[in-house]
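Written below as structure tokens is the structure these notes are about.
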Amino acid sequence: MTAAALPVSEDFLRNPHPTYEQLRAQAPVCRVQLPDGAPVWLATRYADVRAALADPRLSLDKRNGDGTWKGFSLPSALDANLGNMDPPDHTRVRRLVSRAFTPRRMESLRPRIQRSADALLDAAAARGHADLVRDYAGPLPVAVICDLLGVPGADRADFRAWTDTMMTPPPHDRGAAGRAVGAIHTYLEQLLAAKRAEPGDDLLSALIAVRDDGDRLGEDELTSLAFLLLLAGYENTVHAIGTGLLTLLRHPALLAEVRADPARLPATIEELLRIEPPSPVVLRRFAIEDLTIGGVPIPRGETVLLVVAAANRDPAAFPAPDTVDPQRTGSHLTFGHGIHFCLAASLARAELEVAIGTVVRRFPGLRLTVPADELRWRPSFRTRGLVSLPAAFT
């Protein structure tokens, strides 16, 4: 079957939702060709996406694919993570990780998130302006992940530089991202060795120590899990902070309500996550047998992409889906559904509440310094994030 090209144009990057709305209405499960040439199936309706997220016939293990998927390539020691696992391996590793990755531990990071947010905003306040992506949404998640993993203060500048290069490599250096991944891999191995020798009050030390009836995480499992936390926790949080702040600036009445009543913030964060998920398309799945999604046959081995950005705006699940309404009911799919539901959802929520709430509280005169339609977006259909968010404040 010939696949139509996904129209990843400047207009699509600026606002992909009309395209997803058209697909959801006219071809809710369809085969397309990605910009890298890979043929995939897109699912865009809420009911189909939610069911597929929990369908055991859709595998995360790349060995079940037909070889056409051209995703991010990692060393084998970083590939043994929950994002590439099915049961029973996934069940075992997630059970072990959950013993250390508790909501209580995640919530205990909130004071440290607040200190980091305040320090970054102090510097911005002294100038009266900032790029809220470069100066705030970018560095804050790295500080949080370093606190979570127990990265020493002296190493954090290098850690952030490697992370920035991995996520946004310079266009003139095609090997930069690979070198950054290698540097992070080496560093994580050294950090794990240091935590074994001298455990601390951090997640890596807890993961090294955790066991269940004699079972424990292997070396590659620990290293790849730490890398997964970095990859997902950094990029998704950067984008969620940036797009969340932009959405509030575009809705001044909602911004005023949150500023007047901070108790509205948690529900507002959920709505911001629904309407602009930082990962519009969740991790690829591979059909392990012939199956159907939304009545459309999917052959074994082919790749399926579940478009949560489209599902989250499905009018069948969310009336007036393009309206930002923190009072609405219904569960968005930004954190997934089923056994692969985001393990760090509680941390992400805490981080977003602190990051966005602190800006709202401290800067009543917050305003964009360029028109919203001139803002630049990351050139990717897999992520939804701003390149920059220049703002001024009083």
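Residue names in the structure tokens use chain letters A, B, ... in the order shown, residue numbers from 1 in each chain, and ligand numbers from 1 in the order shown.
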**OP:** Determine, counting only C-alpha atoms, which protein, DNA and RNA residues have an atom within 10 Å of an atom of Trp377 in chain A; residues of the same chain fewer than 5 positions away are not included. Present the result as a PyMOL selection string.
**Re:** chain A and resi 10+12-15+383-389
Could you take the residues named above and write them with C-alpha atoms, as a compact mmCIF listing (two decimals), in the first residue's frame?
# COMPACT_ATOMS: atom_id res chain seq x y z
CA GLU A 10 6.05 25.34 8.58
CA PHE A 12 2.06 22.25 10.49
CA LEU A 13 4.88 22.95 12.95
CA ARG A 14 3.21 26.22 13.97
CA ASN A 15 -0.14 24.51 14.47
CA THR A 383 7.73 16.91 19.90
CA ARG A 384 5.74 20.07 20.44
CA GLY A 385 8.09 22.70 21.78
CA LEU A 386 9.12 26.30 21.30
CA VAL A 387 12.60 27.26 20.17
CA SER A 388 12.32 30.43 22.26
CA LEU A 389 9.79 32.39 24.30
Subject >> Test item: residues at most 10 Å from Ala316 in chain A, only C-alpha atoms, excluding those fewer than 6 positions along its chain, as an NGL selection string >> reply: :A and (45-47)
Print the selection's residues with C-alpha atoms to a file, as a compact mmCIF listing (two decimals), in the first residue's frame.
# COMPACT_ATOMS: atom_id res chain seq x y z
CA ARG A 45 -9.33 9.09 17.72
CA TYR A 46 -9.45 9.05 21.52
CA ALA A 47 -11.15 5.66 21.83
**OP:** Can you work out which one of A:Ser205, A:Trp162, A:Pro278, A:Val360 has the shortest atom-to-atom distance to His185 in chain A, counting only C-alpha atoms?
**Re:** A:Trp162
Find the spatial neighbours of His251 in chain A, counting only C-alpha atoms, within a cut-off of 12 Å - ignore same-chain residues fewer than 6 positions away - and output them as a compact mmCIF listing (two decimals) with C-alpha atoms, in the first residue's frame.
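So selection_7.txt came out as:
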# COMPACT_ATOMS: atom_id res chain seq x y z
CA GLY A 244 2.08 26.02 29.09
CA LEU A 245 3.29 29.57 29.69
CA GLU A 257 -7.83 33.48 37.43
CA VAL A 258 -4.77 31.36 38.27
CA THR A 268 -5.05 24.24 34.92
CA LEU A 272 -2.46 22.61 29.55
CA THR A 323 -11.23 25.56 24.39
CA VAL A 324 -8.93 25.77 27.41
CA ASP A 325 -11.23 24.77 30.26
CA ARG A 367 4.08 39.73 28.42
CA ALA A 372 2.74 34.95 19.19
Closest atom pairs, residues of range 62-145 of chain A within 12 Å of range 25-34 of chain A, only C-alpha atoms, as a Markdown table:
| residue | atom | partner | partner_atom | distance |
| --- | --- | --- | --- | --- |
| A:Thr68 | CA | A:Gln33 | CA | 10.8 |
| A:Trp69 | CA | A:Leu34 | CA | 9.8 |
| A:Lys70 | CA | A:Leu34 | CA | 9.7 |
| A:Gly71 | CA | A:Leu34 | CA | 10.9 |
**OP:** Using only C-alpha atoms, determine which residues lie at most 9 Å from range 129-132 of chain A, disregarding the query and same-chain residues fewer than 3 positions distant; provide the list as a ChimeraX atom specification.
**Re:** /A:121,123-126,135-138,241-242,245,369,388-394
Go ahead and save the picked residues with C-alpha atoms, as an mmCIF file, in the first residue's frame.
data_model
loop_
_atom_site.group_PDB
_atom_site.id
_atom_site.type_symbol
_atom_site.label_atom_id
_atom_site.label_comp_id
_atom_site.auth_asym_id
_atom_site.auth_seq_id
_atom_site.Cartn_x
_atom_site.Cartn_y
_atom_site.Cartn_z
ATOM 1 C CA LEU A 121 13.938 33.812 37.864
ATOM 2 C CA ALA A 123 18.503 36.417 37.342
ATOM 3 C CA ALA A 124 15.695 37.165 34.861
ATOM 4 C CA ALA A 125 14.043 39.661 37.214
ATOM 5 C CA ALA A 126 17.274 41.631 37.501
ATOM 6 C CA ASP A 135 16.842 30.913 30.511
ATOM 7 C CA TYR A 136 14.185 29.016 32.461
ATOM 8 C CA ALA A 137 12.317 26.079 30.907
ATOM 9 C CA GLY A 138 15.620 24.624 29.615
ATOM 10 C CA ILE A 241 6.736 24.576 30.615
ATOM 11 C CA GLY A 242 7.233 26.648 27.475
ATOM 12 C CA LEU A 245 3.287 29.568 29.692
ATOM 13 C CA THR A 369 7.979 40.739 23.397
ATOM 14 C CA SER A 388 12.321 30.430 22.255
ATOM 15 C CA LEU A 389 9.791 32.393 24.303
ATOM 16 C CA PRO A 390 11.013 35.976 24.703
ATOM 17 C CA ALA A 391 9.155 37.815 27.445
ATOM 18 C CA ALA A 392 9.367 40.891 29.628
ATOM 19 C CA PHE A 393 8.025 41.398 33.129
ATOM 20 C CA THR A 394 7.471 43.879 35.890
#
Produce a table with one row for each residue of range 131-217 of chain A that has an atom at most 12 Å from any atom of range 74-83 of chain A, each row naming the nearest atom pair and its distance in Å at one decimal; use only C-alpha atoms; arrange rows by chain and rising residue number; format as a Markdown table.
| residue | atom | partner | partner_atom | distance |
| --- | --- | --- | --- | --- |
| A:Met166 | CA | A:Leu74 | CA | 11.5 |
| A:Ala177 | CA | A:Leu74 | CA | 10.7 |
| A:Gly178 | CA | A:Leu74 | CA | 8.6 |
| A:Arg179 | CA | A:Leu74 | CA | 11.3 |
| A:Ala180 | CA | A:Leu74 | CA | 11.4 |
| A:Val181 | CA | A:Leu74 | CA | 7.9 |
| A:Gly182 | CA | A:Pro75 | CA | 8.3 |
| A:Ala183 | CA | A:Pro75 | CA | 11.7 |
| A:Ile184 | CA | A:Leu78 | CA | 10.1 |
| A:His185 | CA | A:Leu78 | CA | 7.4 |
| A:Thr186 | CA | A:Ala77 | CA | 10.5 |
| A:Leu188 | CA | A:Leu78 | CA | 10.2 |
| A:Glu189 | CA | A:Ala77 | CA | 10.0 |
| A:Leu217 | CA | A:Ala80 | CA | 10.9 |
Could those selected residues go to a file with N, CA and C atoms, as a JSON list (two decimals), in the first residue's frame?
[["chain", "number", "residue", "atom", "x", "y", "z"],
["A", 166, "MET", "N", 22.87, 16.74, 22.86],
["A", 166, "MET", "CA", 22.13, 15.56, 22.44],
["A", 166, "MET", "C", 20.76, 15.95, 21.90],
["A", 177, "ALA", "N", 25.70, 14.81, 18.35],
["A", 177, "ALA", "CA", 24.72, 14.13, 19.19],
["A", 177, "ALA", "C", 25.24, 12.77, 19.65],
["A", 178, "GLY", "N", 25.89, 12.04, 18.73],
["A", 178, "GLY", "CA", 26.44, 10.73, 19.09],
["A", 178, "GLY", "C", 27.52, 10.84, 20.15],
["A", 179, "ARG", "N", 28.38, 11.85, 20.03],
["A", 179, "ARG", "CA", 29.43, 12.04, 21.02],
["A", 179, "ARG", "C", 28.83, 12.41, 22.38],
["A", 180, "ALA", "N", 27.77, 13.21, 22.36],
["A", 180, "ALA", "CA", 27.11, 13.59, 23.61],
["A", 180, "ALA", "C", 26.49, 12.37, 24.28],
["A", 181, "VAL", "N", 25.85, 11.51, 23.48],
["A", 181, "VAL", "CA", 25.28, 10.28, 24.04],
["A", 181, "VAL", "C", 26.37, 9.42, 24.66],
["A", 182, "GLY", "N", 27.50, 9.32, 23.96],
["A", 182, "GLY", "CA", 28.62, 8.54, 24.49],
["A", 182, "GLY", "C", 29.15, 9.11, 25.80],
["A", 183, "ALA", "N", 29.24, 10.43, 25.87],
["A", 183, "ALA", "CA", 29.74, 11.07, 27.09],
["A", 183, "ALA", "C", 28.78, 10.84, 28.25],
["A", 184, "ILE", "N", 27.48, 10.94, 27.98],
["A", 184, "ILE", "CA", 26.48, 10.70, 29.04],
["A", 184, "ILE", "C", 26.54, 9.25, 29.50],
["A", 185, "HIS", "N", 26.67, 8.33, 28.54],
["A", 185, "HIS", "CA", 26.75, 6.91, 28.86],
["A", 185, "HIS", "C", 27.94, 6.64, 29.79],
["A", 186, "THR", "N", 29.11, 7.15, 29.42],
["A", 186, "THR", "CA", 30.30, 6.95, 30.25],
["A", 186, "THR", "C", 30.11, 7.57, 31.63],
["A", 188, "LEU", "N", 27.29, 8.19, 33.27],
["A", 188, "LEU", "CA", 26.31, 7.45, 34.08],
["A", 188, "LEU", "C", 26.91, 6.18, 34.66],
["A", 189, "GLU", "N", 27.75, 5.49, 33.88],
["A", 189, "GLU", "CA", 28.43, 4.31, 34.41],
["A", 189, "GLU", "C", 29.33, 4.67, 35.58],
["A", 217, "LEU", "N", 17.98, -4.95, 39.69],
["A", 217, "LEU", "CA", 18.24, -4.42, 38.36],
["A", 217, "LEU", "C", 19.67, -4.71, 37.94]]
**OP:** List the neighbours of Ile113 in chain A out to 8 Å using only C-alpha atoms; skip same-chain residues closer than 6 positions along the sequence, and give me the result as a ChimeraX atom specification.
**Re:** /A:140,143-144,351,354-355
Could you write those residues out with N, CA and C atoms, as a PDB file, in the first residue's frame?
ATOM      1  N   LEU A 140      15.914  24.467  34.087  1.00  0.00           N
ATOM      2  CA  LEU A 140      15.232  23.967  35.284  1.00  0.00           C
ATOM      3  C   LEU A 140      15.122  22.440  35.303  1.00  0.00           C
ATOM      4  N   ALA A 143      18.384  20.756  36.269  1.00  0.00           N
ATOM      5  CA  ALA A 143      18.663  20.864  37.708  1.00  0.00           C
ATOM      6  C   ALA A 143      17.856  19.842  38.488  1.00  0.00           C
ATOM      7  N   VAL A 144      16.597  19.643  38.102  1.00  0.00           N
ATOM      8  CA  VAL A 144      15.731  18.696  38.801  1.00  0.00           C
ATOM      9  C   VAL A 144      16.241  17.263  38.613  1.00  0.00           C
ATOM     10  N   GLU A 351       6.717  19.436  39.050  1.00  0.00           N
ATOM     11  CA  GLU A 351       7.641  20.351  38.385  1.00  0.00           C
ATOM     12  C   GLU A 351       6.895  21.438  37.618  1.00  0.00           C
ATOM     13  N   VAL A 354       5.241  23.998  40.045  1.00  0.00           N
ATOM     14  CA  VAL A 354       6.214  24.947  40.586  1.00  0.00           C
ATOM     15  C   VAL A 354       6.695  25.896  39.485  1.00  0.00           C
ATOM     16  N   ALA A 355       7.081  25.349  38.337  1.00  0.00           N
ATOM     17  CA  ALA A 355       7.674  26.163  37.280  1.00  0.00           C
ATOM     18  C   ALA A 355       6.706  27.219  36.768  1.00  0.00           C
TER      19      ALA A 355
END
Where does DSSP see strand (DSSP E) in range 5-150 of chain A, if you list the residues as a compact mmCIF listing (two decimals) with C-alpha atoms, in the first residue's frame?
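Saved result, out-v4.txt, follows:
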# COMPACT_ATOMS: atom_id res chain seq x y z
CA ALA A 5 3.47 11.87 3.14
CA VAL A 29 -6.48 5.24 11.19
CA CYS A 30 -4.32 5.78 8.12
CA ARG A 31 -0.93 4.89 6.66
CA VAL A 32 1.51 7.77 6.11
CA GLN A 33 5.15 8.25 5.25
CA PRO A 39 5.89 4.10 6.57
CA VAL A 40 3.71 4.07 9.69
CA TRP A 41 0.09 3.86 10.76
CA LEU A 42 -1.39 6.87 12.56
CA ALA A 43 -4.31 6.54 14.99
CA LEU A 58 1.22 -3.72 20.14
CA SER A 59 4.82 -4.17 21.24
CA HIS A 129 13.31 40.25 30.41
CA ALA A 130 14.29 36.71 29.44
CA ASP A 131 13.93 33.97 26.90
**OP:** Using only C-alpha atoms, determine which residues lie at most 12 Å from Phe318 in chain A, disregarding the query and same-chain residues fewer than 5 positions distant; provide the list as a VMD selection string.
**Re:** chain A and resid 45 to 47 271 274 to 275 310 to 313 323 to 333
Export of the given selection (C-alpha atoms) as a PDB file, in the first residue's frame:
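Once written, part.pdb looks like this:
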ATOM      1  CA  ARG A  45      -9.333   9.092  17.725  1.00  0.00           C
ATOM      2  CA  TYR A  46      -9.451   9.051  21.519  1.00  0.00           C
ATOM      3  CA  ALA A  47     -11.155   5.661  21.825  1.00  0.00           C
ATOM      4  CA  GLU A 271      -5.720  21.177  30.892  1.00  0.00           C
ATOM      5  CA  ARG A 274      -4.253  17.983  27.432  1.00  0.00           C
ATOM      6  CA  ILE A 275      -4.353  20.767  24.902  1.00  0.00           C
ATOM      7  CA  ALA A 310      -5.263  14.375  18.235  1.00  0.00           C
ATOM      8  CA  ALA A 311      -6.898  12.073  20.790  1.00  0.00           C
ATOM      9  CA  ASN A 312      -6.773  14.807  23.442  1.00  0.00           C
ATOM     10  CA  ARG A 313      -8.809  17.076  21.157  1.00  0.00           C
ATOM     11  CA  THR A 323     -11.228  25.561  24.391  1.00  0.00           C
ATOM     12  CA  VAL A 324      -8.931  25.768  27.415  1.00  0.00           C
ATOM     13  CA  ASP A 325     -11.230  24.767  30.263  1.00  0.00           C
ATOM     14  CA  PRO A 326      -9.654  23.618  33.548  1.00  0.00           C
ATOM     15  CA  GLN A 327     -13.076  22.596  34.849  1.00  0.00           C
ATOM     16  CA  ARG A 328     -13.677  19.942  32.194  1.00  0.00           C
ATOM     17  CA  THR A 329     -13.943  16.263  33.032  1.00  0.00           C
ATOM     18  CA  GLY A 330     -12.280  13.351  31.277  1.00  0.00           C
ATOM     19  CA  SER A 331      -8.770  11.908  31.336  1.00  0.00           C
ATOM     20  CA  HIS A 332      -6.188  13.124  28.839  1.00  0.00           C
ATOM     21  CA  LEU A 333      -3.656  10.655  27.420  1.00  0.00           C
TER      22      LEU A 333
END
Original post:
Excluding same-chain residues fewer than 4 positions from Asp202 in chain A, what lies within 6 Å of it counting only C-alpha atoms, as a ChimeraX atom specification?
Top reply: /A:148-150
**OP:** as a PyMOL selection string, list the residues of range 168-310 of chain A assigned to alpha helix (DSSP H) by DSSP on the backbone atoms of this structure.
**Re:** chain A and resi 176-197+203-209+219-250+252-260+265-275+308-310
Original post:
When you draw a straight line from CA of Val97 in chain A to CA of Leu192 in chain A, how long is it in Å?
Top reply: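 A separation of 15.4 Å between them.
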Original post:
Looking at only C-alpha atoms, which of A:Leu246, A:Leu306, A:Val210, A:Ala194 is the one that sits closest to Asp48 in chain A?
Top reply: A:Leu306
Original post:
For the atom pair CA of Leu203 in chain A and CA of Gly336 in chain A, what is the interatomic distance in Å to one decimal place?
Top reply: 22.7 Å
**OP:** In Å, rounded to a single decimal, give me how far CA of Val49 in chain A is from CA of Ala309 in chain A.
**Re:**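 Answer for the CA of Ala309 in chain A to CA of Val49 in chain A separation: 10.3 Å.
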Original post:
Hey, which of A:Ile269, A:Ser346, A:Val133, A:Pro139 ends up closest to Ala119 in chain A? Count only C-alpha atoms.
Top reply: A:Pro139
